[in-house]
Each structure stands twice: as structure tokens, then as C-alpha cells.
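Text of the file structure32.cif, holding mmCIF, C-alpha atoms:
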```
data_run
#
loop_
_atom_site.label_atom_id
_atom_site.label_comp_id
_atom_site.auth_asym_id
_atom_site.auth_seq_id
_atom_site.Cartn_x
_atom_site.Cartn_y
_atom_site.Cartn_z
CA MET A 758 -28.24 67.98 68.26
CA ALA A 759 -25.81 68.96 71.09
CA THR A 760 -27.14 69.88 74.63
CA GLU A 761 -25.48 71.59 77.54
CA ALA A 762 -25.11 69.83 80.91
CA GLU A 763 -26.77 71.56 83.92
CA PRO A 764 -24.52 72.81 86.84
CA ARG A 765 -24.58 70.60 89.87
CA SER A 766 -24.12 71.90 93.53
CA THR A 767 -21.75 70.31 95.94
CA SER A 768 -22.17 69.58 99.61
CA ASN A 769 -19.95 72.51 100.73
CA GLY A 770 -22.01 75.01 98.79
CA LYS A 771 -19.34 75.83 96.34
CA GLU A 772 -19.99 75.91 92.73
CA PRO A 773 -18.58 72.84 91.02
CA ALA A 774 -16.07 73.18 88.24
CA PRO A 775 -17.69 73.46 84.87
CA THR A 776 -17.67 70.20 82.81
CA PRO A 777 -16.76 70.24 79.14
CA LYS A 778 -19.58 70.17 76.70
CA ALA A 779 -20.07 66.82 74.81
CA THR A 780 -20.73 66.97 71.06
CA VAL A 781 -22.95 64.20 69.59
CA VAL A 782 -22.72 63.55 65.79
CA ALA A 783 -25.94 62.52 64.19
CA PRO A 784 -25.66 59.30 62.02
CA LEU A 785 -25.92 59.62 58.21
CA PRO A 786 -29.02 58.33 56.56
CA ARG A 787 -28.90 54.69 55.38
CA LYS A 788 -29.79 55.62 51.81
CA SER A 789 -26.61 57.67 51.42
CA LYS A 790 -24.37 54.67 52.41
CA ALA A 791 -26.13 52.36 50.00
CA LYS A 792 -25.66 54.80 47.13
CA ARG A 793 -21.93 55.07 47.83
CA ALA A 794 -21.55 51.23 47.90
CA TYR A 795 -23.46 50.78 44.66
CA ALA A 796 -21.40 53.45 42.97
CA LEU A 797 -18.17 51.74 44.07
CA LEU A 798 -19.35 48.34 42.80
CA LEU A 799 -20.43 49.81 39.48
CA SER A 800 -17.07 51.54 39.10
CA MET A 801 -15.20 48.29 39.81
CA ALA A 802 -17.39 46.35 37.38
CA ALA A 803 -16.85 48.96 34.67
CA VAL A 804 -13.07 48.85 35.19
CA ALA A 805 -13.04 45.02 35.10
CA LEU A 806 -15.19 44.96 32.00
CA GLY A 807 -12.94 47.49 30.32
CA ILE A 808 -9.83 45.51 31.23
CA TYR A 809 -11.48 42.35 29.90
CA PHE A 810 -12.33 43.88 26.54
CA VAL A 811 -8.96 45.59 26.20
CA HIS A 812 -7.12 42.37 27.05
CA GLY A 813 -9.35 40.43 24.64
CA TYR A 814 -8.63 42.88 21.85
CA ILE A 815 -4.88 42.83 22.48
CA THR A 816 -4.71 39.01 22.68
CA ARG A 817 -7.29 38.24 19.99
CA ASN A 818 -4.58 36.64 17.84
CA GLU A 819 -2.96 34.62 20.62
CA VAL A 820 -3.75 31.37 22.38
CA SER A 821 -1.75 30.01 25.28
CA THR A 822 -1.63 27.07 27.65
CA ASP A 823 0.48 25.82 30.52
CA ASP A 824 -0.43 22.19 29.82
CA ALA A 825 2.74 21.57 27.83
CA GLN A 826 6.10 19.88 28.20
CA VAL A 827 9.38 19.24 26.44
CA ASP A 828 9.35 15.84 24.74
CA SER A 829 11.63 13.66 22.60
CA ASP A 830 11.42 10.31 20.86
CA VAL A 831 12.94 8.17 23.61
CA VAL A 832 14.34 4.90 22.22
CA PRO A 833 14.22 1.84 24.50
CA VAL A 834 17.17 -0.47 23.77
CA SER A 835 16.04 -4.08 24.30
CA ILE A 836 18.03 -7.32 24.31
CA ARG A 837 17.28 -9.81 21.52
CA VAL A 838 19.27 -12.76 22.90
CA GLY A 839 19.86 -13.99 26.42
CA GLY A 840 23.15 -14.48 28.22
CA ILE A 841 25.60 -13.03 30.70
CA ILE A 842 26.68 -9.44 30.21
CA LYS A 843 30.44 -9.48 29.71
CA LYS A 844 30.88 -5.71 29.50
CA MET A 845 28.86 -2.56 30.09
CA ALA A 846 30.39 0.26 28.04
CA VAL A 847 28.16 3.11 29.23
CA GLU A 848 26.91 4.72 32.41
CA ASP A 849 23.77 6.61 33.31
CA ASN A 850 23.41 10.02 31.62
CA GLN A 851 26.40 9.38 29.34
CA LYS A 852 26.34 10.90 25.89
CA VAL A 853 26.56 8.39 23.02
CA LYS A 854 26.56 8.47 19.25
CA ALA A 855 24.75 6.12 16.90
CA GLY A 856 26.74 2.89 16.64
CA ASP A 857 28.61 3.27 19.95
CA LEU A 858 28.93 0.10 22.03
CA ILE A 859 26.47 -0.07 24.93
CA ALA A 860 26.95 -3.63 26.17
CA GLN A 861 28.54 -6.91 25.17
CA ILE A 862 26.95 -10.29 25.98
CA ASP A 863 29.12 -13.40 26.21
CA ASP A 864 28.93 -14.90 22.70
CA ALA A 865 30.74 -18.22 23.22
CA ASP A 866 27.57 -20.31 22.87
CA TYR A 867 26.46 -18.40 19.79
CA ALA A 868 29.89 -18.74 18.16
CA ALA A 869 29.66 -22.53 18.60
CA LYS A 870 26.24 -22.49 16.94
CA VAL A 871 27.72 -20.58 14.02
CA ASP A 872 30.45 -23.22 13.59
CA ALA A 873 27.88 -26.02 13.70
CA ALA A 874 25.74 -24.25 11.08
CA LYS A 875 28.79 -23.84 8.82
CA ALA A 876 29.48 -27.57 9.03
CA GLU A 877 25.87 -28.36 8.17
CA LEU A 878 26.07 -26.07 5.17
CA GLU A 879 29.26 -27.72 3.90
CA ALA A 880 27.66 -31.18 4.25
CA ALA A 881 24.56 -30.04 2.37
CA GLN A 882 26.70 -28.56 -0.41
CA ALA A 883 28.59 -31.85 -0.75
CA GLN A 884 25.29 -33.74 -1.06
CA GLU A 885 24.16 -31.32 -3.74
CA ASP A 886 27.38 -31.83 -5.72
CA SER A 887 26.92 -35.60 -5.50
CA ALA A 888 23.31 -35.39 -6.68
CA SER A 889 24.29 -33.17 -9.60
CA ALA A 890 27.00 -35.63 -10.66
CA GLN A 891 24.49 -38.50 -10.48
CA VAL A 892 22.16 -36.63 -12.82
CA ASP A 893 24.96 -36.20 -15.33
CA ILE A 894 25.86 -39.90 -15.14
CA VAL A 895 22.28 -41.05 -15.69
CA LYS A 896 21.84 -38.68 -18.60
CA SER A 897 25.11 -39.73 -20.31
CA THR A 898 24.63 -43.51 -19.92
CA SER A 899 20.92 -43.98 -20.50
CA ALA A 900 19.46 -41.01 -22.29
CA GLY A 901 21.00 -42.13 -25.61
CA GLY A 902 19.01 -45.38 -25.73
CA LEU A 903 15.75 -43.56 -25.10
CA SER A 904 16.51 -40.99 -27.78
CA SER A 905 17.34 -43.77 -30.29
CA ALA A 906 14.15 -45.68 -29.51
CA GLN A 907 12.09 -42.53 -29.85
CA ALA A 908 13.76 -41.76 -33.21
CA MET A 909 13.08 -45.31 -34.42
CA LEU A 910 9.46 -44.97 -33.39
CA GLN A 911 9.16 -41.77 -35.35
CA GLY A 912 10.81 -43.43 -38.40
CA THR A 913 8.55 -46.48 -38.36
CA GLY A 914 5.58 -44.21 -38.01
CA ALA A 915 6.64 -42.48 -41.20
CA SER A 916 7.04 -45.90 -42.91
CA VAL A 917 3.52 -46.87 -41.91
CA ARG A 918 2.14 -43.69 -43.38
CA SER A 919 4.10 -44.33 -46.61
CA ALA A 920 2.80 -47.93 -46.81
CA GLN A 921 -0.76 -46.70 -46.29
CA ALA A 922 -0.27 -44.30 -49.19
CA GLN A 923 1.06 -47.12 -51.38
CA VAL A 924 -1.96 -49.29 -50.51
CA GLN A 925 -4.29 -46.50 -51.45
CA SER A 926 -2.40 -45.99 -54.74
CA ALA A 927 -2.49 -49.75 -55.56
CA ALA A 928 -6.19 -49.89 -54.79
CA ALA A 929 -6.79 -46.98 -57.15
CA ALA A 930 -4.74 -48.71 -59.86
CA LEU A 931 -6.74 -51.90 -59.39
CA ALA A 932 -9.97 -50.01 -59.73
CA ARG A 933 -8.73 -48.41 -62.96
CA ALA A 934 -7.57 -51.81 -64.31
CA LYS A 935 -10.95 -53.34 -63.54
CA ALA A 936 -12.66 -50.51 -65.36
CA ASP A 937 -10.38 -51.04 -68.37
CA GLN A 938 -11.10 -54.80 -68.19
CA ALA A 939 -14.84 -54.22 -68.26
CA LYS A 940 -14.49 -51.91 -71.24
CA SER A 941 -12.26 -54.40 -73.10
CA ASP A 942 -14.71 -57.25 -72.46
CA THR A 943 -17.52 -55.13 -73.88
CA ASP A 944 -15.43 -54.16 -76.91
CA TYR A 945 -14.50 -57.84 -77.52
CA ASP A 946 -18.12 -59.03 -77.33
CA ARG A 947 -19.22 -56.35 -79.81
CA ALA A 948 -16.31 -57.09 -82.17
CA LYS A 949 -17.01 -60.86 -82.10
CA LYS A 950 -20.69 -60.31 -82.93
CA LEU A 951 -19.80 -58.04 -85.81
CA HIS A 952 -17.15 -60.50 -87.07
CA ASP A 953 -19.59 -63.39 -86.93
CA ALA A 954 -22.01 -61.27 -88.95
CA GLY A 955 -19.26 -60.48 -91.45
CA ALA A 956 -19.36 -56.77 -90.60
CA VAL A 957 -15.68 -56.48 -89.52
CA SER A 958 -12.53 -58.19 -90.48
CA GLY A 959 -10.67 -60.79 -88.47
CA GLN A 960 -8.00 -58.27 -87.70
CA ALA A 961 -10.45 -56.13 -85.72
CA LEU A 962 -11.49 -59.17 -83.72
CA GLU A 963 -7.87 -59.98 -83.01
CA THR A 964 -7.27 -56.42 -81.80
CA ALA A 965 -10.27 -56.59 -79.46
CA THR A 966 -9.07 -59.96 -78.19
CA ALA A 967 -5.58 -58.59 -77.45
CA ALA A 968 -7.02 -55.59 -75.67
CA ARG A 969 -9.20 -57.88 -73.52
CA ASP A 970 -6.26 -60.10 -72.60
CA SER A 971 -4.13 -57.05 -71.78
CA ALA A 972 -6.84 -55.62 -69.52
CA HIS A 973 -7.16 -58.93 -67.65
CA ALA A 974 -3.39 -59.01 -67.20
CA ALA A 975 -3.45 -55.44 -65.90
CA VAL A 976 -6.11 -56.41 -63.32
CA ASP A 977 -3.96 -59.33 -62.18
CA ALA A 978 -0.94 -57.01 -61.89
CA ALA A 979 -2.96 -54.42 -59.92
CA ASN A 980 -4.15 -57.15 -57.53
CA ALA A 981 -0.56 -58.23 -57.03
CA ASN A 982 0.59 -54.65 -56.38
CA LEU A 983 -2.22 -54.10 -53.88
CA ALA A 984 -1.32 -57.32 -52.07
CA ALA A 985 2.36 -56.26 -51.95
CA ALA A 986 1.43 -52.81 -50.61
CA ARG A 987 -0.71 -54.36 -47.93
CA ASP A 988 2.12 -56.68 -46.96
CA GLN A 989 4.45 -53.67 -46.73
CA GLN A 990 1.91 -51.86 -44.53
CA SER A 991 1.69 -54.85 -42.22
CA LEU A 992 5.48 -54.99 -42.02
CA SER A 993 5.68 -51.27 -41.22
CA GLU A 994 3.03 -51.60 -38.54
CA SER A 995 4.92 -54.48 -36.97
CA ARG A 996 8.05 -52.32 -36.93
CA VAL A 997 6.08 -49.58 -35.20
CA ALA A 998 5.03 -52.04 -32.52
CA GLU A 999 8.66 -53.10 -32.20
CA ALA A 1000 9.79 -49.48 -31.88
CA ARG A 1001 7.13 -48.82 -29.24
CA GLY A 1002 8.45 -51.79 -27.34
CA HIS A 1003 11.93 -50.29 -27.43
CA VAL A 1004 10.56 -46.97 -26.19
CA GLU A 1005 8.70 -48.70 -23.37
CA GLN A 1006 11.88 -50.53 -22.47
CA SER A 1007 13.77 -47.21 -22.46
CA THR A 1008 11.08 -45.27 -20.59
CA PRO A 1009 12.42 -46.16 -17.08
CA VAL A 1010 15.58 -44.30 -18.09
CA ALA A 1011 13.58 -41.08 -18.21
CA ARG A 1012 12.14 -41.91 -14.86
CA GLN A 1013 15.62 -42.49 -13.50
CA ILE A 1014 16.66 -39.12 -14.83
CA ALA A 1015 13.59 -37.55 -13.17
CA VAL A 1016 14.44 -39.27 -9.89
CA ALA A 1017 18.01 -38.00 -10.12
CA GLU A 1018 16.76 -34.48 -10.83
CA ALA A 1019 14.44 -34.66 -7.83
CA ALA A 1020 17.32 -35.81 -5.64
CA ARG A 1021 19.39 -32.86 -6.84
CA LYS A 1022 16.54 -30.41 -6.06
CA LEU A 1023 16.17 -31.93 -2.60
CA ALA A 1024 19.89 -31.54 -1.99
CA HIS A 1025 19.68 -27.91 -3.15
CA ALA A 1026 16.80 -27.31 -0.73
CA HIS A 1027 18.95 -28.74 2.08
CA VAL A 1028 21.68 -26.28 1.08
CA ASP A 1029 19.23 -23.36 1.27
CA SER A 1030 17.98 -24.54 4.66
CA ALA A 1031 21.52 -24.87 6.00
CA ALA A 1032 22.42 -21.42 4.65
CA ALA A 1033 19.38 -19.92 6.39
CA ALA A 1034 20.33 -21.67 9.64
CA LEU A 1035 23.86 -20.27 9.36
CA LYS A 1036 22.50 -16.76 8.75
CA LEU A 1037 20.23 -17.04 11.80
CA ALA A 1038 23.11 -18.28 13.96
CA GLN A 1039 25.29 -15.41 12.75
CA LEU A 1040 22.53 -12.91 13.50
CA GLN A 1041 22.13 -14.24 17.03
CA LYS A 1042 25.88 -13.92 17.53
CA ASP A 1043 25.75 -10.35 16.22
CA TYR A 1044 22.87 -9.55 18.59
CA THR A 1045 25.23 -10.09 21.53
CA THR A 1046 26.80 -6.74 20.63
CA ILE A 1047 24.36 -4.00 21.66
CA ILE A 1048 24.92 -0.61 20.09
CA ALA A 1049 23.29 2.81 20.38
CA PRO A 1050 20.51 3.27 17.80
CA ALA A 1051 20.84 7.08 17.68
CA ASP A 1052 22.73 10.05 19.08
CA GLY A 1053 21.60 10.98 22.56
CA TYR A 1054 22.01 10.31 26.26
CA VAL A 1055 21.83 6.99 28.09
CA SER A 1056 19.26 6.86 30.87
CA LYS A 1057 17.67 4.28 33.18
CA LEU A 1058 20.47 1.74 32.99
CA ALA A 1059 18.85 -1.55 34.04
CA ALA A 1060 21.74 -4.06 34.05
CA HIS A 1061 25.42 -4.38 34.88
CA ALA A 1062 28.39 -6.54 33.95
CA GLY A 1063 28.05 -10.14 35.11
CA GLN A 1064 24.26 -10.04 35.19
CA MET A 1065 22.19 -12.74 33.46
CA VAL A 1066 19.66 -11.19 31.09
CA GLN A 1067 16.78 -12.61 29.09
CA PRO A 1068 15.55 -11.63 25.62
CA GLY A 1069 13.06 -8.79 25.54
CA ILE A 1070 14.13 -6.81 28.61
CA THR A 1071 14.92 -3.11 28.20
CA LEU A 1072 18.59 -2.58 28.96
CA VAL A 1073 18.76 1.22 28.70
CA MET A 1074 16.80 4.17 27.37
CA VAL A 1075 18.45 6.45 24.83
CA VAL A 1076 17.09 10.00 24.91
CA PRO A 1077 17.88 11.73 21.59
CA GLU A 1078 19.38 15.20 21.54
CA ARG A 1079 16.62 16.43 19.28
CA SER A 1080 13.58 17.49 21.30
CA TYR A 1081 10.30 19.29 20.70
CA VAL A 1082 7.33 20.63 22.65
CA VAL A 1083 3.92 19.03 22.96
CA ALA A 1084 1.26 21.52 24.06
CA ASN A 1085 -2.23 20.28 24.94
CA PHE A 1086 -4.67 23.02 23.92
CA LYS A 1087 -8.35 23.03 24.72
CA GLU A 1088 -10.56 22.03 21.84
CA THR A 1089 -11.98 25.57 21.86
CA GLN A 1090 -8.50 27.00 21.15
CA ILE A 1091 -7.38 25.05 18.09
CA ASP A 1092 -9.75 26.53 15.51
CA ARG A 1093 -7.12 28.91 14.07
CA ILE A 1094 -3.90 27.07 14.93
CA ARG A 1095 -2.01 26.13 11.76
CA ALA A 1096 1.40 24.66 10.97
CA GLY A 1097 4.00 27.43 10.80
CA ASP A 1098 2.45 29.72 13.42
CA PRO A 1099 5.22 31.26 15.60
CA VAL A 1100 5.29 30.26 19.27
CA ASP A 1101 6.82 31.80 22.39
CA ILE A 1102 7.95 29.10 24.83
CA SER A 1103 8.61 29.76 28.51
CA ILE A 1104 10.28 26.91 30.37
CA ASP A 1105 9.76 26.75 34.12
CA ALA A 1106 13.35 25.64 34.71
CA PHE A 1107 14.90 28.62 32.89
CA ALA A 1108 14.31 32.36 32.93
CA SER A 1109 14.82 32.90 29.21
CA THR A 1110 12.13 32.53 26.55
CA PHE A 1111 12.58 30.22 23.58
CA HIS A 1112 10.92 30.38 20.20
CA GLY A 1113 9.49 27.82 17.84
CA LYS A 1114 6.83 27.09 15.25
CA VAL A 1115 3.79 24.86 15.15
CA GLU A 1116 4.72 21.69 13.28
CA SER A 1117 1.45 19.76 13.36
CA VAL A 1118 -1.85 19.29 15.16
CA SER A 1119 -2.80 15.84 16.37
CA ALA A 1120 -5.54 13.96 14.53
CA GLY A 1121 -7.23 13.05 17.80
CA THR A 1122 -7.57 14.22 21.37
CA GLY A 1123 -5.35 12.92 24.13
CA ALA A 1124 -8.25 11.02 25.69
CA ARG A 1125 -8.92 9.22 22.42
CA PHE A 1126 -5.43 7.69 22.45
CA SER A 1127 -5.49 6.70 26.10
CA MET A 1128 -5.45 3.08 27.22
CA MET A 1129 -9.16 3.24 28.06
CA PRO A 1130 -10.77 5.85 25.78
CA PRO A 1131 -14.10 7.26 26.97
CA ASP A 1132 -17.30 5.81 25.57
CA ASN A 1133 -19.99 8.45 25.84
CA ALA A 1134 -22.66 6.04 24.62
CA THR A 1135 -22.64 4.21 27.97
CA GLY A 1136 -23.83 5.56 31.31
CA ASN A 1137 -24.52 9.18 32.11
CA PHE A 1138 -22.88 11.72 29.81
CA VAL A 1139 -20.96 14.66 31.25
CA LYS A 1140 -19.40 17.02 28.73
CA VAL A 1141 -15.71 17.61 29.41
CA VAL A 1142 -13.55 19.99 27.44
CA GLN A 1143 -10.99 17.86 25.61
CA ARG A 1144 -7.33 18.59 25.00
CA VAL A 1145 -5.71 18.32 21.55
CA PRO A 1146 -1.90 17.79 21.39
CA VAL A 1147 0.00 20.27 19.21
CA LYS A 1148 3.61 19.51 18.25
CA ILE A 1149 5.99 22.50 18.25
CA LYS A 1150 9.52 22.45 16.85
CA TRP A 1151 12.32 24.74 17.97
CA ASP A 1152 13.61 27.58 15.83
CA ASP A 1153 17.19 27.23 14.65
CA GLY A 1154 20.06 29.07 16.32
CA GLN A 1155 19.02 28.48 19.96
CA ASP A 1156 21.04 26.77 22.66
CA LEU A 1157 18.94 23.71 23.54
CA SER A 1158 21.69 21.70 25.24
CA GLN A 1159 20.20 22.17 28.72
CA LEU A 1160 16.70 21.03 27.81
CA HIS A 1161 15.48 17.75 29.23
CA ALA A 1162 12.52 15.67 28.17
CA GLY A 1163 9.55 16.16 30.47
CA LEU A 1164 10.21 19.78 31.55
CA SER A 1165 7.07 21.85 32.08
CA VAL A 1166 6.61 24.81 29.75
CA GLU A 1167 4.09 27.51 28.93
CA VAL A 1168 3.46 28.27 25.27
CA LYS A 1169 1.86 31.18 23.48
CA VAL A 1170 0.90 30.73 19.82
CA HIS A 1171 0.66 33.82 17.62
CA LEU A 1172 -2.16 33.00 15.22
CA GLN A 1173 -1.60 33.90 11.58
CA HIS A 1174 -4.92 32.79 10.10
#
```
Whole structure given in C-alpha cells:
Amino acid sequence: MATEAEPRSTSNGKEPAPTPKATVVAPLPRKSKAKRAYALLLSMAAVALGIYFVHGYITRNEVSTDDAQVDSDVVPVSIRVGGIIKKMAVEDNQKVKAGDLIAQIDDADYAAKVDAAKAELEAAQAQEDSASAQVDIVKSTSAGGLSSAQAMLQGTGASVRSAQAQVQSAAAALARAKADQAKSDTDYDRAKKLHDAGAVSGQALETATAARDSAHAAVDAANANLAAARDQQSLSESRVAEARGHVEQSTPVARQIAVAEAARKLAHAHVDSAAAALKLAQLQKDYTTIIAPADGYVSKLAAHAGQMVQPGITLVMVVPERSYVVANFKETQIDRIRAGDPVDISIDAFASTFHGKVESVSAGTGARFSMMPPDNATGNFVKVVQRVPVKIKWDDGQDLSQLHAGLSVEVKVHLQH
């Protein structure tokens, strides 16, 4: 509490001037300060928590990321044949259409190869024509003899079969004549015994005797017929052997025809090979003219007129006019993203906002498609939130002429599911 200062005397005995009274403020208790600080912290926490829940409620159907960029299907234009560049028809950042000339390589060497391939093809075609004519000659001069010999062989074969049938018929006739002879001999013996006994007349004996003589004559005739049939069979078989000899003599003709046919096939194969060589030479000549594969802009020009280039090098990059956005969302954000969801797109290079729609969600994370994908089965495992690429296409009716591949963007997807 405040106290008054006592008056002090001076050396001359006069009363000193009164001094002002000093007021001392007593400090507040420590408990009161602590309560005020705690109340302030609680108020701030309550406000932050309220803002968090309100923001979460408002944005519950939105996901966003700034890990996104404008992209396009850049086409590297490579050289397929080597040579000296005669002409460069484009410059860096020049707009081209599909089919426009980009560069022309000196094609003198390739044109000479085309001429040589044409000459080879003409020579092969001439050889094929000659081989075909040779086949026709062999067929016309020699095939007739072989056909005749084969026909003769078939005819003699038929004669042999006919002679065999005649032999079989003569043998059957002989067997029948022998049976008749045996019967006539038996009838004669019985008739003679009966005649000697006076049981039959002489006329009956004479009839039996005539029948016996006729049967013996029939046997002799059947033997003669069988012998003649066998002789005819032997003659037919000899003719078959003769016909086979003619066929064997004519068989090399067929082989000559086969050889001629093989020569013609070989000549035809040479024609096909020469035609393929000509096509390859023509393709190589055509490859000296390098054209734009698609509409777009030329970028990263890597060669100039007069420069020697080798096959496989990338001459230019063609950036197509059509672009899209690739946004890399966290794996915890893609649960409700579906194709067709509307998207707001803010590009860092421009103040305006563009609009698009989700086209597709990648089948794997970005890390999975990297050159060295992670292998969590080796070493110590540390869980890292992965990013999943989402492809976004532009809505129609927007001016996208100023967009460039690689620009950074921020995207906000309005979830519909």
C-alpha cells in the first residue's frame, strides 16, 4: 500500500519543499494470470477446431493437389537411315502439320541401290521365264512317250488278267470233260458186260462205245484248250514285262520334268528375293524424307543442314497441340475419384481457371513405374504415402493455345460418388 515520505530539514533551518507522493501498485496474483492464459488458449483451440470441422464439411466432396502438371504425348522423330542432311525445313518452336517436311537427307546412294535392285529383279524374272519355257519343252517332247508306255502297261495288265480267266475256264472245262469220260467208261463197261450176257442188244453197246470215244475226245480237246490258254497267259505276261521295260525307259522323262519344275520354282524364289530387295531399297530411299508424324510444334532441334547423321538419333521432338493434365494424388485421396468427375484447374502461369474432367486413374503408383521400383521385402521398411497419377482432359470450348507441356498446375476434383 502507498506510504507518505517524512519531511526533511535543511541546513539553513528552512522547511524543504514538499516532495510528491509516490504510488506503488501491488502485483496481481499469479493464479489470475494463469487463468487468463488458459482461457485464451482454450478459445483459440475452440476456434481452430471449429474452423477445421467447418472446412471439412464444406470440402467433404473435394480433393485437391498441387502435384500436377500439363502433359502431352511428345513424339520423338528419329532417323532410320544415315547420311548428310541436305535440307532442314523447320526451326525450333515452329508449328507443323502431319505430313509436313521436317528434313531431307541426301538420297543419291539410296537411289543407286534402288536401280541396282531393279536390275537384279529384271534378271531374276528373265531366268524364271527361261525355266518356265524349259518345263514346257520337256513336257511336250518327252511326256508323250511316258504316257504311251504307261498306257501299254495298263493294257498288257488287262490282257494278263483276261488270259488268267481263260486258263481258269479251260481248266474247268477239262475237269468237266474228265468227269464225263469217267462216266462214259463206266457206262461202256456195264453195257459190254450186259451185251456179253445177252441182256442188251448190240446197238446199246455201240451207243456206249460212241459215248466213251466222244468223252475221250472231249478230254483231249479240253487239254488242248488249257494248254493254249496257258500259252496265251505266258505271252501276255511277257508283254507286261516288255511294257514295264518301256515305262522304266521312259521314267527318266518324268524326272527331267521334275528337275525342270524345280528349276522354275528356284527361279521364282529368286524373283521374290529380288522383289523384296527392291522394296527394301525403295523404303530406305523413302526414309531419307523425314516428315512430321502429327500436328504440333517442333522442339529440341538436334541437327542442321550439312550435318552427318546416323540411324537412330532423335532429330526433333514434336509436341502435339492436344494436351492434358496429370495430377498425382495421394493414395488416401483416390478412393472416390471416378472417370467423369469435374475438375477445376489452376495454372501457375495464368490467372484464369480452366475446367476439365477425370479421364482415367492409373493402374499403378508412380513409384511402381519408375526405373528402380521399391522392393519393400528387402532391408528396413518405412511406409511412405504413394502417389497415383490421374489423367484429366480439358473441357471443350476453352482457349488452350497458350498451354505448354510441363506447366505446374493445381487441381481440385469435385467428387460425384
Any idea what's packed within 12 Å of Arg933 (chain A), counting only C-alpha atoms, ignoring anything in its chain fewer than 2 positions away? Could you give it as a VMD selection string?
chain A and resid 926 to 931 935 to 940 972 to 973 975 to 980
If we count only C-alpha atoms, what is near Gly1163 (chain A) at a cut-off of 8 Å, once residues fewer than 6 positions away on the same chain are taken out, given as a list in words?
Gln826, Val827 and Asp828 of chain A
What would the file look like if the residues just selected were written as a JSON list (two decimals), in the coordinates of the input with C-alpha atoms?
```json
[["chain", "number", "residue", "atom", "x", "y", "z"],
["A", 826, "GLN", "CA", 6.10, 19.88, 28.20],
["A", 827, "VAL", "CA", 9.38, 19.24, 26.44],
["A", 828, "ASP", "CA", 9.35, 15.84, 24.74]]
```
Just checking: using all atoms listed in the file, which residue out of A:Val804, A:Ala1059, A:Leu798, A:Val838 ends up closest to Asp863 (chain A)?
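Ranked by minimum distance to Asp863 (chain A), first place goes to A:Val838.
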Residue with the minimum atom-to-atom distance to Val1055 (chain A), picked from A:Val1016, A:Ile1094, A:Val1145, A:Val1076 with only C-alpha atoms counted, is A:Val1076
As a check of understanding: the span from CA of Thr1089 (chain A) to CA of Ala803 (chain A) is 27.1 Å
Counting all atoms listed in the file, which residues have an atom no more than 9 Å from (11.5, 12.5, 20.5) in the file's coordinates? Please list them as a list in words.
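Residues with an atom at most 9 Å from (11.5, 12.5, 20.5): Asp828, Ser829, Asp830, Val831, Val832, Val1076, Pro1077, Glu1078, Arg1079, Ser1080, Tyr1081 and Ala1162 of chain A.
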If we count only C-alpha atoms and set the cut-off at 9 Å, which residues sit around Gly1113 (chain A), ignoring sequence neighbours fewer than 4 positions away in its own chain? Please answer as a ChimeraX atom specification.
/A:1082,1097-1102,1149-1153
I need the output of the PyMOL selection byres ((chain A and resi 949) around 12) for this file as a PDB file with C-alpha atoms, in the frame of the given file; which residues are they?
```
ATOM      1  CA  ASP A 942     -14.710 -57.250 -72.460  1.00  0.00           C
ATOM      2  CA  THR A 943     -17.520 -55.130 -73.880  1.00  0.00           C
ATOM      3  CA  ASP A 944     -15.430 -54.160 -76.910  1.00  0.00           C
ATOM      4  CA  TYR A 945     -14.500 -57.840 -77.520  1.00  0.00           C
ATOM      5  CA  ASP A 946     -18.120 -59.030 -77.330  1.00  0.00           C
ATOM      6  CA  ARG A 947     -19.220 -56.350 -79.810  1.00  0.00           C
ATOM      7  CA  ALA A 948     -16.310 -57.090 -82.170  1.00  0.00           C
ATOM      8  CA  LYS A 950     -20.690 -60.310 -82.930  1.00  0.00           C
ATOM      9  CA  LEU A 951     -19.800 -58.040 -85.810  1.00  0.00           C
ATOM     10  CA  HIS A 952     -17.150 -60.500 -87.070  1.00  0.00           C
ATOM     11  CA  ASP A 953     -19.590 -63.390 -86.930  1.00  0.00           C
ATOM     12  CA  ALA A 954     -22.010 -61.270 -88.950  1.00  0.00           C
ATOM     13  CA  GLY A 955     -19.260 -60.480 -91.450  1.00  0.00           C
ATOM     14  CA  ALA A 956     -19.360 -56.770 -90.600  1.00  0.00           C
ATOM     15  CA  VAL A 957     -15.680 -56.480 -89.520  1.00  0.00           C
ATOM     16  CA  SER A 958     -12.530 -58.190 -90.480  1.00  0.00           C
ATOM     17  CA  GLY A 959     -10.670 -60.790 -88.470  1.00  0.00           C
ATOM     18  CA  GLN A 960      -8.000 -58.270 -87.700  1.00  0.00           C
ATOM     19  CA  ALA A 961     -10.450 -56.130 -85.720  1.00  0.00           C
ATOM     20  CA  LEU A 962     -11.490 -59.170 -83.720  1.00  0.00           C
ATOM     21  CA  GLU A 963      -7.870 -59.980 -83.010  1.00  0.00           C
ATOM     22  CA  THR A 964      -7.270 -56.420 -81.800  1.00  0.00           C
ATOM     23  CA  ALA A 965     -10.270 -56.590 -79.460  1.00  0.00           C
ATOM     24  CA  THR A 966      -9.070 -59.960 -78.190  1.00  0.00           C
ATOM     25  CA  ARG A 969      -9.200 -57.880 -73.520  1.00  0.00           C
TER      26      ARG A 969
END
```
